[in-house]
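Asks: Just work.txt, nothing more (compact mmCIF, C-alpha atoms):
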```txt
# COMPACT_ATOMS: atom_id res chain seq x y z
CA MET M 1 -17.06 17.96 -16.23
CA GLN M 2 -20.27 16.17 -15.41
CA ILE M 3 -19.75 13.54 -12.72
CA ALA M 4 -22.30 10.82 -11.96
CA LEU M 5 -22.04 9.11 -8.58
CA VAL M 6 -23.91 5.86 -9.11
CA GLY M 7 -24.87 4.50 -5.69
CA GLY M 8 -24.03 7.97 -4.45
CA THR M 9 -26.20 7.62 -1.35
CA GLY M 10 -23.66 5.22 0.19
CA ASP M 11 -20.83 6.41 2.41
CA ILE M 12 -18.06 6.55 -0.22
CA GLY M 13 -20.47 8.30 -2.61
CA GLU M 14 -21.35 10.81 0.09
CA GLY M 15 -17.71 11.50 0.86
CA LEU M 16 -16.69 11.96 -2.77
CA THR M 17 -19.71 14.17 -3.53
CA LEU M 18 -18.98 16.43 -0.55
CA ARG M 19 -15.29 16.77 -1.48
CA PHE M 20 -16.04 17.38 -5.20
CA GLY M 21 -18.80 19.77 -4.16
CA ARG M 22 -16.56 21.77 -1.89
CA ASP M 23 -13.36 21.79 -3.95
CA THR M 24 -14.36 21.65 -7.64
CA ASP M 25 -16.81 23.18 -10.11
CA HIS M 26 -17.87 19.89 -11.70
CA GLU M 27 -21.56 19.26 -12.23
CA LEU M 28 -22.54 16.55 -9.74
CA VAL M 29 -25.35 14.03 -10.13
CA VAL M 30 -26.05 11.59 -7.32
CA GLY M 31 -27.60 8.34 -8.51
CA SER M 32 -29.57 5.77 -6.56
CA ARG M 33 -31.92 2.89 -7.35
CA THR M 34 -34.85 5.27 -6.83
CA ALA M 35 -34.94 8.90 -7.89
CA GLU M 36 -36.50 9.86 -4.59
CA LYS M 37 -33.69 8.43 -2.47
CA ALA M 38 -31.16 10.16 -4.74
CA ALA M 39 -32.95 13.50 -4.48
CA ASP M 40 -33.06 13.24 -0.68
CA ALA M 41 -29.33 12.48 -0.51
CA ALA M 42 -28.48 15.30 -2.95
CA ALA M 43 -30.50 17.74 -0.84
CA ALA M 44 -28.75 16.56 2.32
CA TYR M 45 -25.31 17.03 0.69
CA GLU M 46 -26.30 20.52 -0.48
CA GLU M 47 -27.31 21.31 3.09
CA THR M 48 -24.03 20.03 4.55
CA LEU M 49 -22.15 22.28 2.12
CA ALA M 50 -24.52 25.23 2.77
CA ASP M 51 -23.76 24.91 6.50
CA ARG M 52 -20.16 25.67 5.51
CA GLY M 53 -21.19 28.64 3.40
CA ILE M 54 -20.90 26.79 0.10
CA ASP M 55 -23.82 27.37 -2.26
CA ARG M 56 -23.81 24.33 -4.47
CA SER M 57 -26.42 22.66 -6.65
CA ILE M 58 -26.30 18.85 -6.61
CA GLU M 59 -28.73 16.82 -8.70
CA GLY M 60 -30.35 13.54 -7.70
CA ALA M 61 -31.71 10.93 -10.14
CA ASP M 62 -32.18 7.21 -10.56
CA ASN M 63 -28.86 5.60 -11.55
CA GLU M 64 -29.75 5.23 -15.22
CA THR M 65 -30.73 8.88 -15.58
CA ALA M 66 -27.74 9.99 -13.50
CA VAL M 67 -25.18 8.57 -15.93
CA GLU M 68 -26.70 10.26 -19.04
CA GLY M 69 -24.24 12.79 -20.40
CA ALA M 70 -21.70 12.11 -17.64
CA ASP M 71 -17.99 12.46 -18.44
CA VAL M 72 -17.09 10.34 -15.44
CA VAL M 73 -19.32 7.65 -13.90
CA ILE M 74 -18.20 6.58 -10.43
CA LEU M 75 -19.49 3.17 -9.36
CA SER M 76 -19.72 3.86 -5.64
CA VAL M 77 -21.46 0.58 -4.85
CA PRO M 78 -20.36 -2.48 -2.84
CA PRO M 79 -18.08 -4.83 -4.83
CA TYR M 80 -20.75 -7.53 -5.10
CA HIS M 81 -23.07 -5.03 -6.80
CA ALA M 82 -20.45 -3.67 -9.24
CA GLU M 83 -21.32 -6.04 -12.09
CA ASP M 84 -25.13 -5.70 -11.72
CA THR M 85 -24.81 -1.95 -11.55
CA VAL M 86 -22.78 -1.73 -14.76
CA ASP M 87 -25.29 -4.02 -16.46
CA SER M 88 -28.19 -1.83 -15.35
CA VAL M 89 -26.72 1.55 -16.36
CA GLY M 90 -24.57 0.38 -19.30
CA ASP M 91 -26.98 1.39 -22.08
CA ALA M 92 -27.23 4.94 -20.72
CA VAL M 93 -23.48 5.50 -20.39
CA GLY M 94 -22.15 7.73 -23.18
CA ASP M 95 -19.46 6.55 -25.60
CA ASP M 96 -17.00 9.10 -24.32
CA ALA M 97 -17.60 8.48 -20.62
CA VAL M 98 -15.09 6.89 -18.24
CA LEU M 99 -16.23 4.31 -15.68
CA VAL M 100 -14.47 4.61 -12.33
CA SER M 101 -14.27 1.63 -9.98
CA PRO M 102 -13.58 2.55 -6.33
CA ALA M 103 -14.81 -0.73 -4.78
CA VAL M 104 -12.61 -3.43 -3.21
CA GLY M 105 -13.45 -7.03 -2.31
CA MET M 106 -12.44 -7.79 1.27
CA GLN M 107 -13.16 -10.39 3.89
CA GLY M 108 -12.74 -9.78 7.59
CA ASP M 109 -11.83 -12.11 10.44
CA GLY M 110 -10.63 -11.62 13.99
CA ASP M 111 -7.18 -10.59 12.75
CA GLY M 112 -8.18 -7.94 10.27
CA LEU M 113 -9.31 -7.44 6.71
CA HIS M 114 -7.98 -9.53 3.86
CA TYR M 115 -8.02 -8.89 0.14
CA HIS M 116 -10.66 -11.06 -1.48
CA PRO M 117 -10.99 -10.23 -5.19
CA PRO M 118 -13.76 -11.60 -7.39
CA SER M 119 -12.82 -14.41 -9.76
CA ALA M 120 -12.13 -11.84 -12.51
CA GLY M 121 -9.00 -10.97 -10.47
CA SER M 122 -10.12 -7.55 -9.25
CA VAL M 123 -13.32 -5.51 -9.02
CA ALA M 124 -11.89 -3.28 -11.75
CA ALA M 125 -11.48 -6.28 -14.08
CA LEU M 126 -15.06 -7.34 -13.32
CA VAL M 127 -16.27 -3.85 -14.19
CA ALA M 128 -14.20 -3.82 -17.38
CA ASP M 129 -15.71 -7.17 -18.43
CA ALA M 130 -19.22 -5.78 -17.91
CA ALA M 131 -18.56 -2.32 -19.37
CA PRO M 132 -20.09 -1.30 -22.70
CA GLU M 133 -17.73 -1.84 -25.66
CA GLY M 134 -15.22 0.97 -25.93
CA VAL M 135 -15.93 2.61 -22.56
CA PRO M 136 -12.67 2.73 -20.59
CA VAL M 137 -12.45 1.73 -16.92
CA VAL M 138 -10.17 3.30 -14.33
CA ALA M 139 -9.77 2.05 -10.74
CA ALA M 140 -9.42 5.05 -8.42
CA PHE M 141 -10.41 6.28 -4.95
CA THR M 142 -10.12 2.65 -3.77
CA ASN M 143 -7.97 3.48 -0.76
CA LEU M 144 -9.75 6.46 0.74
CA SER M 145 -11.61 6.21 4.02
CA ALA M 146 -15.28 7.13 3.60
CA ASP M 147 -15.33 8.56 7.13
CA ARG M 148 -12.38 10.74 6.36
CA LEU M 149 -13.82 11.91 3.03
CA THR M 150 -17.12 12.78 4.71
CA ASP M 151 -15.57 14.71 7.58
CA LEU M 152 -14.82 17.99 5.83
CA ASP M 153 -12.77 19.16 8.84
CA GLU M 154 -10.21 16.47 7.93
CA GLU M 155 -7.43 18.03 5.89
CA PHE M 156 -5.90 15.69 3.33
CA ASP M 157 -2.33 15.08 2.33
CA LEU M 158 -3.01 11.78 0.60
CA ASP M 159 -2.61 9.96 -2.67
CA THR M 160 -4.84 7.61 -4.58
CA PRO M 161 -3.27 5.21 -7.09
CA LEU M 162 -4.95 4.82 -10.48
CA VAL M 163 -4.90 1.96 -12.96
CA GLY M 164 -6.43 1.81 -16.42
CA ASP M 165 -5.63 0.90 -20.01
CA ASP M 166 -6.65 4.21 -21.61
CA ASP M 167 -4.26 7.08 -20.93
CA ASP M 168 -6.78 9.83 -21.70
CA ALA M 169 -9.33 8.26 -19.36
CA LYS M 170 -6.70 7.96 -16.65
CA ALA M 171 -5.70 11.61 -17.13
CA ARG M 172 -9.35 12.68 -16.82
CA VAL M 173 -9.75 10.77 -13.55
CA ALA M 174 -6.40 12.07 -12.27
CA ASP M 175 -7.65 15.62 -12.94
CA LEU M 176 -10.84 14.91 -11.04
CA ALA M 177 -8.92 13.41 -8.08
CA GLU M 178 -6.40 16.23 -7.97
CA GLY M 179 -9.22 18.75 -7.83
CA VAL M 180 -9.82 17.58 -4.27
CA GLU M 181 -7.72 19.64 -1.88
CA GLY M 182 -4.74 17.66 -0.61
CA LEU M 183 -5.40 14.63 -2.80
CA GLY M 184 -2.82 13.46 -5.33
CA ALA M 185 -3.15 10.82 -8.04
CA VAL M 186 -0.33 8.39 -8.85
CA ASP M 187 -0.23 6.07 -11.84
CA ALA M 188 0.09 2.34 -11.07
CA GLY M 189 -0.12 1.25 -14.71
CA PRO M 190 -2.66 -0.72 -16.74
CA LEU M 191 -5.82 -2.40 -15.44
CA ALA M 192 -3.88 -5.67 -15.13
CA ASN M 193 -2.25 -4.10 -12.06
CA ALA M 194 -5.60 -3.44 -10.34
CA ALA M 195 -5.24 -6.20 -7.73
CA GLU M 196 -2.14 -4.55 -6.30
CA VAL M 197 -4.01 -1.23 -6.05
CA GLU M 198 -7.13 -2.73 -4.51
CA SER M 199 -5.18 -4.76 -1.96
CA LEU M 200 -3.84 -1.55 -0.44
CA THR M 201 -7.28 -0.97 1.10
CA PRO M 202 -7.30 -3.82 3.65
CA LEU M 203 -3.70 -2.88 4.53
CA VAL M 204 -4.54 0.73 5.39
CA ILE M 205 -7.57 -0.41 7.40
CA ASN M 206 -5.44 -2.93 9.31
CA VAL M 207 -2.80 -0.28 9.97
CA ALA M 208 -5.49 2.11 11.26
CA ARG M 209 -6.79 -0.60 13.58
CA TYR M 210 -3.46 -1.61 15.08
CA THR M 211 -1.37 1.55 15.07
CA ASP M 212 -1.89 4.06 17.89
CA ASP M 213 -2.56 7.61 16.74
CA LEU M 214 -3.63 6.61 13.24
CA GLU M 215 -7.40 6.60 13.15
CA HIS M 216 -8.40 6.97 9.51
CA VAL M 217 -5.20 6.07 7.77
CA GLY M 218 -4.33 6.83 4.18
CA VAL M 219 -1.09 6.75 2.22
CA LYS M 220 1.21 9.14 0.48
CA PHE M 221 3.64 7.79 -2.12
CA VAL M 222 7.01 9.42 -1.51
CA MET R 1 21.23 -5.04 20.05
CA GLN R 2 23.03 -7.60 17.94
CA ILE R 3 21.61 -7.76 14.42
CA ALA R 4 22.36 -10.62 12.03
CA LEU R 5 21.76 -9.97 8.34
CA VAL R 6 21.47 -13.45 6.87
CA GLY R 7 22.09 -13.20 3.14
CA GLY R 8 23.46 -9.76 3.94
CA THR R 9 25.56 -9.63 0.76
CA GLY R 10 22.41 -9.11 -1.35
CA ASP R 11 21.06 -5.70 -2.19
CA ILE R 12 18.44 -5.40 0.56
CA GLY R 13 20.99 -6.71 3.08
CA GLU R 14 23.51 -4.13 1.91
CA GLY R 15 20.99 -1.31 2.17
CA LEU R 16 19.80 -2.25 5.65
CA THR R 17 23.37 -2.76 6.91
CA LEU R 18 24.45 0.65 5.62
CA ARG R 19 21.45 2.41 7.16
CA PHE R 20 21.81 0.59 10.51
CA GLY R 21 25.55 1.22 10.37
CA ARG R 22 25.14 4.94 9.80
CA ASP R 23 22.16 5.64 12.06
CA THR R 24 22.33 3.17 14.98
CA ASP R 25 24.78 1.66 17.45
CA HIS R 26 23.62 -1.92 17.01
CA GLU R 27 26.25 -4.62 16.55
CA LEU R 28 25.99 -5.74 12.92
CA VAL R 29 26.91 -9.17 11.57
CA VAL R 30 26.62 -9.82 7.84
CA GLY R 31 25.98 -13.46 7.00
CA SER R 32 26.50 -15.31 3.75
CA ARG R 33 26.76 -18.92 2.62
CA THR R 34 30.56 -18.62 2.89
CA ALA R 35 32.43 -16.75 5.58
CA GLU R 36 34.77 -15.28 2.98
CA LYS R 37 32.00 -13.68 0.93
CA ALA R 38 30.49 -12.29 4.13
CA ALA R 39 33.82 -10.84 5.28
CA ASP R 40 34.35 -9.17 1.89
CA ALA R 41 30.90 -7.60 1.97
CA ALA R 42 31.33 -6.44 5.59
CA ALA R 43 34.66 -4.82 4.68
CA ALA R 44 33.08 -3.10 1.66
CA TYR R 45 30.22 -1.75 3.83
CA GLU R 46 32.74 -0.49 6.41
CA GLU R 47 34.56 1.30 3.61
CA THR R 48 31.38 2.90 2.23
CA LEU R 49 30.68 4.25 5.72
CA ALA R 50 34.32 5.29 6.26
CA ASP R 51 34.11 7.35 3.04
CA ARG R 52 31.40 9.30 4.82
CA GLY R 53 33.51 9.72 7.93
CA ILE R 54 31.74 6.99 9.89
CA ASP R 55 34.10 4.64 11.71
CA ARG R 56 32.10 1.47 12.08
CA SER R 57 33.00 -2.14 12.71
CA ILE R 58 30.87 -4.66 10.81
CA GLU R 59 31.43 -8.40 11.20
CA GLY R 60 31.17 -11.01 8.47
CA ALA R 61 30.49 -14.73 9.02
CA ASP R 62 28.80 -17.71 7.46
CA ASN R 63 25.03 -17.50 8.03
CA GLU R 64 24.98 -20.06 10.83
CA THR R 65 27.70 -18.30 12.81
CA ALA R 66 26.17 -14.89 12.07
CA VAL R 67 22.90 -15.66 13.85
CA GLU R 68 24.57 -16.88 17.08
CA GLY R 69 23.67 -14.51 19.88
CA ALA R 70 21.67 -12.24 17.61
CA ASP R 71 18.66 -10.40 19.06
CA VAL R 72 17.23 -9.87 15.58
CA VAL R 73 17.87 -12.13 12.58
CA ILE R 74 16.93 -10.52 9.25
CA LEU R 75 16.34 -13.02 6.45
CA SER R 76 17.49 -10.84 3.58
CA VAL R 77 17.28 -13.60 1.01
CA PRO R 78 15.06 -14.09 -2.05
CA PRO R 79 11.58 -15.44 -1.18
CA TYR R 80 12.27 -18.86 -2.72
CA HIS R 81 15.27 -19.27 -0.37
CA ALA R 82 13.46 -18.13 2.79
CA GLU R 83 12.43 -21.62 3.92
CA ASP R 84 15.83 -23.27 3.16
CA THR R 85 17.60 -20.46 4.94
CA VAL R 86 15.54 -20.81 8.10
CA ASP R 87 16.11 -24.56 8.02
CA SER R 88 19.86 -24.09 7.71
CA VAL R 89 20.31 -21.49 10.47
CA GLY R 90 17.44 -22.59 12.76
CA ASP R 91 19.53 -24.58 15.24
CA ALA R 92 21.86 -21.65 15.80
CA VAL R 93 19.12 -19.06 16.39
CA GLY R 94 18.76 -18.23 20.09
CA ASP R 95 15.52 -18.77 22.00
CA ASP R 96 15.07 -15.06 22.57
CA ALA R 97 15.83 -13.97 19.01
CA VAL R 98 13.28 -12.52 16.58
CA LEU R 99 13.23 -13.62 12.94
CA VAL R 100 12.48 -10.80 10.50
CA SER R 101 11.09 -11.54 7.05
CA PRO R 102 11.60 -8.74 4.50
CA ALA R 103 11.09 -10.86 1.35
CA VAL R 104 8.07 -10.73 -0.97
CA GLY R 105 6.98 -13.19 -3.66
CA MET R 106 6.30 -11.38 -6.94
CA GLN R 107 5.90 -12.24 -10.59
CA GLY R 108 6.48 -9.76 -13.38
CA ASP R 109 4.92 -9.45 -16.82
CA GLY R 110 4.75 -6.69 -19.41
CA ASP R 111 2.26 -4.76 -17.29
CA GLY R 112 4.12 -4.72 -14.02
CA LEU R 113 4.75 -6.74 -10.90
CA HIS R 114 2.09 -8.88 -9.30
CA TYR R 115 1.87 -10.30 -5.82
CA HIS R 116 2.63 -14.01 -5.93
CA PRO R 117 2.77 -15.46 -2.42
CA PRO R 118 3.95 -18.98 -1.65
CA SER R 119 1.27 -21.57 -0.87
CA ALA R 120 1.65 -20.81 2.85
CA GLY R 121 -0.15 -17.51 2.05
CA SER R 122 2.82 -15.19 2.53
CA VAL R 123 6.60 -15.40 2.84
CA ALA R 124 6.19 -14.48 6.51
CA ALA R 125 3.86 -17.45 7.06
CA LEU R 126 6.37 -19.74 5.31
CA VAL R 127 9.12 -18.45 7.59
CA ALA R 128 6.90 -18.90 10.66
CA ASP R 129 6.18 -22.50 9.66
CA ALA R 130 9.91 -23.20 9.34
CA ALA R 131 10.99 -21.22 12.41
CA PRO R 132 12.29 -23.01 15.52
CA GLU R 133 9.58 -23.57 18.16
CA GLY R 134 8.96 -20.43 20.19
CA VAL R 135 10.98 -18.04 18.00
CA PRO R 136 8.66 -15.21 16.89
CA VAL R 137 8.52 -13.94 13.31
CA VAL R 138 7.90 -10.36 12.24
CA ALA R 139 7.47 -9.21 8.63
CA ALA R 140 9.18 -5.85 8.18
CA PHE R 141 11.20 -3.81 5.68
CA THR R 142 9.19 -5.53 2.92
CA ASN R 143 8.34 -2.31 1.11
CA LEU R 144 11.67 -0.51 1.03
CA SER R 145 13.58 -0.05 -2.19
CA ALA R 146 17.05 -1.61 -1.96
CA ASP R 147 18.44 1.09 -4.28
CA ARG R 148 17.04 3.78 -2.06
CA LEU R 149 18.34 2.14 1.13
CA THR R 150 21.79 1.79 -0.39
CA ASP R 151 22.02 5.36 -1.63
CA LEU R 152 22.88 7.14 1.61
CA ASP R 153 22.31 10.52 -0.05
CA GLU R 154 18.60 9.63 -0.21
CA GLU R 155 16.82 11.17 2.75
CA PHE R 156 13.88 9.14 4.01
CA ASP R 157 10.44 10.15 5.11
CA LEU R 158 8.95 6.68 4.86
CA ASP R 159 7.11 4.03 6.81
CA THR R 160 7.38 0.29 6.91
CA PRO R 161 4.38 -1.74 8.10
CA LEU R 162 5.01 -4.60 10.55
CA VAL R 163 3.03 -7.74 11.26
CA GLY R 164 3.67 -10.40 13.88
CA ASP R 165 1.95 -12.37 16.62
CA ASP R 166 4.32 -11.46 19.46
CA ASP R 167 3.99 -7.88 20.69
CA ASP R 168 7.44 -7.76 22.31
CA ALA R 169 9.08 -9.04 19.14
CA LYS R 170 7.18 -6.47 17.08
CA ALA R 171 8.25 -3.70 19.47
CA ARG R 172 11.88 -4.77 19.15
CA VAL R 173 11.71 -4.67 15.35
CA ALA R 174 9.84 -1.35 15.44
CA ASP R 175 12.67 0.06 17.58
CA LEU R 176 15.23 -1.20 15.09
CA ALA R 177 13.33 0.29 12.14
CA GLU R 178 12.77 3.62 13.84
CA GLY R 179 16.49 3.89 14.54
CA VAL R 180 16.93 4.54 10.82
CA GLU R 181 16.68 8.26 10.13
CA GLY R 182 13.36 9.14 8.53
CA LEU R 183 11.92 5.64 8.78
CA GLY R 184 8.75 4.99 10.78
CA ALA R 185 7.16 1.67 11.73
CA VAL R 186 3.40 1.15 11.68
CA ASP R 187 1.57 -1.88 13.08
CA ALA R 188 -0.57 -3.85 10.63
CA GLY R 189 -1.57 -6.52 13.16
CA PRO R 190 -0.86 -10.24 13.49
CA LEU R 191 1.05 -12.43 11.05
CA ALA R 192 -2.26 -13.46 9.47
CA ASN R 193 -2.28 -9.99 7.89
CA ALA R 194 1.13 -10.49 6.23
CA ALA R 195 -0.23 -10.90 2.68
CA GLU R 196 -1.68 -7.39 2.78
CA VAL R 197 1.69 -6.02 3.91
CA GLU R 198 3.71 -7.96 1.35
CA SER R 199 1.41 -7.00 -1.54
CA LEU R 200 2.28 -3.35 -1.01
CA THR R 201 5.68 -4.04 -2.59
CA PRO R 202 4.56 -4.73 -6.18
CA LEU R 203 2.23 -1.71 -5.89
CA VAL R 204 5.01 0.72 -4.97
CA ILE R 205 7.23 -0.69 -7.73
CA ASN R 206 4.40 -0.31 -10.28
CA VAL R 207 3.76 3.25 -9.10
CA ALA R 208 7.47 4.06 -9.45
CA ARG R 209 7.46 2.66 -12.97
CA TYR R 210 4.39 4.52 -14.23
CA THR R 211 4.39 7.79 -12.32
CA ASP R 212 6.61 10.61 -13.56
CA ASP R 213 8.90 12.10 -10.92
CA LEU R 214 8.69 9.10 -8.61
CA GLU R 215 11.79 7.01 -9.13
CA HIS R 216 12.22 4.93 -5.98
CA VAL R 217 8.83 5.15 -4.44
CA GLY R 218 7.93 4.38 -0.86
CA VAL R 219 4.91 5.10 1.29
CA LYS R 220 4.01 7.12 4.32
CA PHE R 221 0.86 6.22 6.25
CA VAL R 222 -0.94 9.45 7.06
```
Please re-express this file's structure in structure tokens.
Replies:
Amino acid sequence: MQIALVGGTGDIGEGLTLRFGRDTDHELVVGSRTAEKAADAAAAYEETLADRGIDRSIEGADNETAVEGADVVILSVPPYHAEDTVDSVGDAVGDDAVLVSPAVGMQGDGDGLHYHPPSAGSVAALVADAAPEGVPVVAAFTNLSADRLTDLDEEFDLDTPLVGDDDDAKARVADLAEGVEGLGAVDAGPLANAAEVESLTPLVINVARYTDDLEHVGVKFV
Amino acid sequence: MQIALVGGTGDIGEGLTLRFGRDTDHELVVGSRTAEKAADAAAAYEETLADRGIDRSIEGADNETAVEGADVVILSVPPYHAEDTVDSVGDAVGDDAVLVSPAVGMQGDGDGLHYHPPSAGSVAALVADAAPEGVPVVAAFTNLSADRLTDLDEEFDLDTPLVGDDDDAKARVADLAEGVEGLGAVDAGPLANAAEVESLTPLVINVARYTDDLEHVGVKFV
């Protein structure tokens, strides 16, 4: 498959690109607001993989170019940029693409992080409202630590829950997720259940903060 | 320790009593609105354990009597009864007891279950507001399937996240939880983080509903 990582110069985009680059054969295109920044990041990711003996070509392009022809478009941008980003790349997204929303709205205070969804109810719902007609949206990769994704010495035995209204789209994203070594995908139902999936993220971050011996926590559904 | 299971005739109360009865030496008192109903349930739990060769004495009493002298009081009642229940047993709860809140407010629709906290922000916050002065509250056991607790053939490899403002109280509840074979306790911080803990429950139920091969799902923080 061809995978576009819109906002792929950010930390979650970096982590996903490195894991997909190491563990799968998908064609990877890193997107950014400028083609130059994207190309620099793609080159840096190639180098990180080359240092581990993995010869891998990763493209870089401006976001709009990056999504052209992509089977899966991952919106690896902060939650408050999710809507803008979909608006800006929407016309270039193919009819048979799937939009993936990994972002989560959170607010922090002295106690920890709290779930703070946009007024649409979830970032995934916001993305679905902005998505081009007929392009399905799947929330996925919401609960993975960027640090842990990026550190390729970290072995995974983790799950990511998916929600979406289109079963084929969900299966495509599950395939992509399960291509990452040690990562499983579980189905949490339709997009209407996105808030429950997204609110797992502040929980795992709070657990990592307060529990000794759990630094970059994730979850496994058992 | 002496453990009171207020509302212990319900399904989560039954499951916790059976697991504590099988795996720990704590003194167990099942509470109910009437002493008779409590005594019947306690006798039934004793019998379930006896069928497995475990000779175990379990007391039954009305809720107010059940909490007398208890080190840990578990409010195993539906979320909409949590406040009433604390009001009714409050005077009998000892100064050095810990109140444990395992209930979660949820609403279901065709898509799945959704987190629906009371206006206090979480059931745990509601319980804390109603609790006698100085008696600490810990949210725990919120994410465990009653069916899975009750089925003693089900082997656990699960965690339950705890929140609370009093470290000693949290340690006491963590000890209690970790006495159950295969159950771990992780710390999710102060009570202000309770909503994130409670909202895990609809997620695991949705995942169990939609994911093949996961019937009674739980989580492990890894």
Asks: Would you mind listing, as an MDAnalysis selection string, all residues of chain M that have at least one atom within 9 Å of chain R, where all atoms listed in the file are what counts?
Replies: chainID M and resid 111:115 156:158 161:162 186:193 195:197 199:212 214 216:222
Asks: Figure out the distance between atom CA of M:Ala4 and atom CA of M:Glu46, please, to one decimal in Å.
Replies: 15.6 Å
Asks: Contacts of R:Gly90 at 9 Å or less, counting all atoms listed in the file, minus same-chain residues fewer than 5 places along, as a PyMOL selection string?
Replies: chain R and resi 64+67+85+130-132
Asks: May I ask which of the residues M:Ala50, M:Leu126, M:Leu176, M:Ala92 is the closest one to M:Gln2, counting all atoms listed in the file?
Replies: M:Leu176
Asks: So which residues touch stretch 135-142 of chain M within 6 Å, counting all atoms listed in the file, skipping near sequence neighbours fewer than 3 positions away, as a list in words?
Replies: Val98, Leu99, Val100, Ser101, Pro102, Ala103, Ala124, Ala128, Pro132, Thr160, Leu162, Val163 and Gly164 of chain M
Asks: Separation of atom CA of R:Ala125 and atom CA of R:His81, in Å?
Replies: 13.7 Å
Asks: May I ask for the distance between atom CA of M:Asp147 and atom CA of M:Ala120, given in Å to one decimal place?
Replies: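 Straight-line distance from atom CA of M:Asp147 to atom CA of M:Ala120 works out to 28.5 Å.
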